[in-house]
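Colleague: Structure below; questions to follow.
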Amino acid sequence: MSPPLVLLAGNPNSGKTTLFNRLTGSRAKVANYPGVTVSPFSGILRLEGVGLGLREVEILDLPGTYSLSARSPDEQIAADALLGQGRRADAVVVVSDATALARNLYLALQVLETGVPTVIALTMMDEARAAGLTLDTARLSEGLGVDVVEVVASTGEGHDRLVAALSAALAPGTLRPPRVQTPLASEVEEDLAPIKAAVASTLSPRSETEARAFVLWAALSVGDDELAGVPAAVRSAVASARDRAQQRGADLDLAIVDSRYRLIDGVLSGACGPVPVNRRTERIDAVLTHPVAGLVVFVVVMLGVFQALFSGAEPAVELIESAVAVVQGLISASLPEGPLASLLSQGVVAGVGNVVVFVPQIALLFLFIGFLEDCGYLARVAFVIDRVMGGVGLHGKAFVPMLSGFACAIPAVMATRTIESRKDRLITMLALPFTSCSARLPIYLLVVATVFHGDAPVFGLLSTGALVLLSMYSLSVIAALAAAAVLRRTVLKAPRPTLILELPPYRRPLLRNLVVNVWQQVRAFLVDAGTVILSLTILLWVLLSYPRLSETTEVFAAQQAAAAATLSGEALDTRLTEIASAEAGQRLRESVAGRVGHALEPVLEPLGFDWRIGIGILGAFAAREVFVSTLGIVFDIADADENNQSLREALKHATWPDGRPLFTPLSGVCLMVFFVLACQCMSTLGVVARESRSWKWPAFLFTYMTVLAYVVTLIVYQTGRILGIGL
Amino acid sequence: MQFMTDVALGILPARPAAVRVVRLAEVAVGRLAVVRRLTLPRAIARRLLELGLLPGTQVRVVRRAPLGDPIELRLRNYSLSIRRHEAALIEVDIVP
């Protein structure tokens, strides 16, 4: 038998996660909810020695929410666990911030209305008291008919009382009608009659209380929603109830919400003194949202985050890359050369490296986001930049993910979790892979060095290289913003996003929370996206290495033998390296990917690319920067990177069969444009699959970016050719 | 779909016809106002109602964002930020 299920519900910024980490000791797992983009965490709380043989309860940490009303499947988890058909909660802990009690109790009241045994955990009491708030917890408890326990998140004070109250709530026989029920005016009750009838006939509620809770939930949730599983009868009943209210000049939503707030205000007026202003937050905001100082701080903080992401992770990334190289070296030293050694070192180890290499950036980004969110500044980031983001149809909260995209799309896609609306989140996720990530830089640098005089000044100030880079970054920004605007009007039809943003009081973040959060994100990435990226790497390795023709083996073995017979010393080594490079090139050209690259030439030629670039593009699917080394292999140059002189020379002298140079300024620009726009990154697809919980969106992402990249590159190349520019 | 919530619930006394309608977006920074009516799309109005922004609720306009939009409101002892576009669809009475 599974342990009792306890929901942890609460407003965002209420200290819910801190409490969850305290209760479960952070041994949390991602709970599996299909169709949901932000999965809740679940953990085990041991109620040792507390009555009735109860030993363990499962705690589900619901996403922070202001209400049980739902518009999307993500928000429906809470309502389902309280009223739904699946596994139901045995008790609920509603975490309520004492400094903004009325709004927090609105959620608590909705939970109480369901009749599920409930405990209210009152957080931030230390802060509220310090500010001068007087609160009579006993009267609050009496007024709401529920246990109210004060807890202090940072010290764990009140934890024992909370666990005791929870055990009492879980004791058998506690399922009884709640002592509070929102009183509605008799006209409103009459308006609700159709919903009551529909709920009774389609949802078979277990009790009067549950039926009523479901009626109120439906009245406030059905409408412009994306909910699945709401019976059609309930939908039409809500519409007709709304019409009834309208006919007598009233509004159903307002009537219900207003009655709830009246009840809360009544309870609070007896239990709570006048509410003081938070002076500290006022003082900090006077600077951080100041018209001038606020913008300066914003730019400095964002530059800091970006710089840290762009270069701060670099030492760790280099360490991982050299560790991968060491392991690959060990494999080739200890295993005989052959398919197994190659699979292990080029497939498995490289694949694991491909996954782990993202961890430093993910950890850094989530450390920053966690810190900014917990201290309260992340909401101000959205507040300060919302006007700019709103201008292009995005949400203020999309800024940090978009900015992070310039370092790497993988952590950036994960960072979209701070956006509540599912559609806004998907739009951001599908637009941000255009932002020019750091893996595109080696390609730009190689092209600039090959076809431009990088240092030649333009307009006296900028060098050609800088101008080219600037153009590519601008193109990526324009593409990302345009994609967001188009997606909102087409595939993910959604109204202009609205900003409804709480600006929480500034608080000191708890290191423990930050560390737990970073660890959970990294672990989730390794487990879910990591397996996808690893499998794709191995698959790509197979395509790039097979078939291995025996004739090729013989030809190169003969060459080696001939070299060994005629040369010695340094000359022999040089010759053997040459042969090895030539063999690697030949193998690649003979592989499936090589043949596909060849076969693609007719398709790529109108873009100014030949089959060799085609193979490079296929190889770059593992990671964009791999384009450079793959191109190196195709051109028979070992260990090429973007600074490799012999690769640059080889590219400069590469020609089409008719003798025209392959790399011209025009085809170089086309190659860069293609890499700005194309989704040349299977890791991005893997992480989008994980974050959207579907393969539909990564498939869509890949298709639309590739098609766009092809069409735009085609236009650029053909226009350039006709006008005779950069040939 | 327009969302009309009105004085019909008896929350506020009817306004004399001659008085000009004041919108939350026009309220000066630092001023206190009482919400009268929300004429927003239902989905948005619902969220604001559930956050406690109801007809009859006192709201102070605390500041504008550095770029002029959105605005910060203070109500029920917490701070809420909405865009001027939405604030222009909330009718208020200014508290003298």
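Order determines the names: the first chain of the structure tokens is A, the second B, and so forth; residues in each chain are numbered 1 upward, and ligands are numbered 1 upward as they are shown.
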Within 8 Å of His453 in chain A, counting only C-alpha atoms, which residues qualify if same-chain residues fewer than 4 places away don't, as a list in words?
Modeller: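 Counting only C-alpha atoms, the residues come to Val448, Ala449, Thr464 and Gly465 of chain A.
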Colleague: Mind checking which residues fall within 9 Å of Val542 in chain A, counting only C-alpha atoms, ignoring those fewer than 5 positions away in the same chain, and posting them as a list in words?
Modeller: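 The filter keeps Leu343, Gly347, Thr537, Pro547, Ser591, Val592 and Ala593 of chain A.
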Colleague: Taking only range 477-633 of chain A into account, list the residues labelled strand (DSSP E or B) by DSSP (computed from the backbone), as an NGL selection string.
Modeller: :A and (500-503)
Colleague: Can you spit out the residues from that selection as a PDB file, in the first residue's frame, using C-alpha atoms?
Modeller:
```pdb
ATOM      1  CA  ILE A 500       0.457  40.030 -13.459  1.00  0.00           C
ATOM      2  CA  LEU A 501       3.510  39.921 -11.279  1.00  0.00           C
ATOM      3  CA  GLU A 502       3.926  39.901  -7.541  1.00  0.00           C
ATOM      4  CA  LEU A 503       6.907  41.933  -6.329  1.00  0.00           C
TER       5      LEU A 503
END
```
Colleague: Taking only C-alpha atoms into account, report as a PyMOL selection string which residues of chain A lie within 8 Å of chain B.
Modeller: chain A and resi 66-67+99-100+102-103+106+220+223-224+249-251+253-255+257-258+261+275+277+289-292+294-295+383-387+498-504
Colleague: For Val180 in chain A, which residue among A:Leu263, A:Leu319, A:Cys679, A:Ile44 is the nearest when counting only C-alpha atoms?
Modeller: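 Among A:Leu263, A:Leu319, A:Cys679, A:Ile44, it is A:Leu263 that comes nearest to Val180 in chain A.
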Colleague: Would you list the contacts of Lys493 in chain A as a PyMOL selection string, taking every protein, DNA or RNA residue within 10 Å and counting only C-alpha atoms, but skipping same-chain residues closer than 4 positions in sequence?
Modeller: chain A and resi 423+427+486-489
Colleague: Using CA of Ala678 in chain A and CA of Ala325 in chain A as the two end points, give the distance in Å to one decimal.
Modeller: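 A separation of 28.5 Å between them.
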Colleague: Hey, can you check how far CA of Gly585 in chain A sits from CA of Thr684 in chain A?
Modeller: 28.1 Å
Colleague: In Å to one decimal, how far is CA of Glu127 in chain A from CA of Gly370 in chain A?
Modeller: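 Separating CA of Gly370 in chain A from CA of Glu127 in chain A is a distance of 20.7 Å.
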Colleague: Might you pull out every residue within 10 Å of range 21-23 of chain B, with only C-alpha atoms counted and same-chain residues fewer than 4 positions away left off, and present them as a list of chain:residue names?
Modeller: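 In the requested format, the answer is B:Arg15, B:Ala17, B:Val27, B:Ala33, B:Val35, B:Arg36, B:Arg37, B:Leu38, B:Arg84, B:Glu86, B:Ala87, B:Ala88, B:Leu89, B:Ile90, B:Glu91, B:Val92, B:Asp93, B:Ile94.
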Colleague: As a PyMOL selection string, list the residues of chain B assigned to alpha helix (DSSP H) by DSSP on the backbone atoms of this structure.
Modeller: chain B and resi 42-50+84-87
Colleague: Could you check which of A:Ile617, A:Ala121, A:Leu708, A:Val447 is closest to Thr664 in chain A, using only C-alpha atoms?
Modeller: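 Among the listed residues, the smallest separation from Thr664 in chain A belongs to A:Val447.
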Colleague: Neighbours of Ala484 in chain A within 12 Å (only C-alpha atoms; same-chain residues fewer than 6 positions away dropped), as a ChimeraX atom specification?
Modeller: /A:389-395,398,402,423-435,477-478,490-494,496-497
Colleague: Go ahead and write the selection's residues with C-alpha atoms as a compact mmCIF listing (two decimals), in the first residue's frame.
Modeller:
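Heads up, here's the output in selection-v9.txt:
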```
# COMPACT_ATOMS: atom_id res chain seq x y z
CA MET A 389 9.87 42.43 -23.87
CA GLY A 390 6.22 43.40 -24.08
CA GLY A 391 6.99 45.37 -27.23
CA VAL A 392 7.79 42.12 -29.04
CA GLY A 393 4.99 40.11 -27.49
CA LEU A 394 7.02 38.42 -24.77
CA HIS A 395 6.73 38.38 -21.02
CA ALA A 398 11.32 35.69 -20.71
CA MET A 402 16.64 34.75 -23.68
CA LYS A 423 1.96 28.90 -23.96
CA ASP A 424 4.23 31.80 -23.06
CA ARG A 425 6.75 29.26 -21.87
CA LEU A 426 6.59 27.20 -25.07
CA ILE A 427 6.89 30.31 -27.23
CA THR A 428 10.01 31.38 -25.36
CA MET A 429 11.45 27.86 -25.53
CA LEU A 430 10.89 27.61 -29.29
CA ALA A 431 12.25 31.09 -30.06
CA LEU A 432 15.36 31.18 -27.93
CA PRO A 433 17.42 28.57 -29.86
CA PHE A 434 17.97 31.37 -32.41
CA THR A 435 19.99 33.40 -29.94
CA VAL A 477 18.25 38.55 -32.01
CA ILE A 478 15.95 39.60 -34.85
CA THR A 490 0.10 31.16 -35.55
CA VAL A 491 1.04 27.84 -33.99
CA LEU A 492 0.61 28.83 -30.36
CA LYS A 493 -2.23 31.26 -30.76
CA ALA A 494 -2.36 33.23 -27.59
CA ARG A 496 -0.68 39.26 -25.94
CA PRO A 497 0.75 38.01 -22.66
```
Colleague: Pick the closest to Asp285 in chain A from A:Ala128, A:Val381, A:Val326, A:Met682: which is it, counting only C-alpha atoms?
Modeller: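 For Asp285 in chain A, the nearest of the candidates is A:Val381.
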Colleague: Write out as a list of chain:residue names the residues lying within 10 Å of Ser201 in chain A, counting only C-alpha atoms and excluding same-chain residues fewer than 6 positions away.
Modeller: A:Ile195, A:Ala233, A:Val234
Colleague: Nearest to Val93 in chain A: which of A:Ser568, A:Asn644, A:Ser535, A:Ser167 is it, counting only C-alpha atoms?
Modeller: A:Ser167
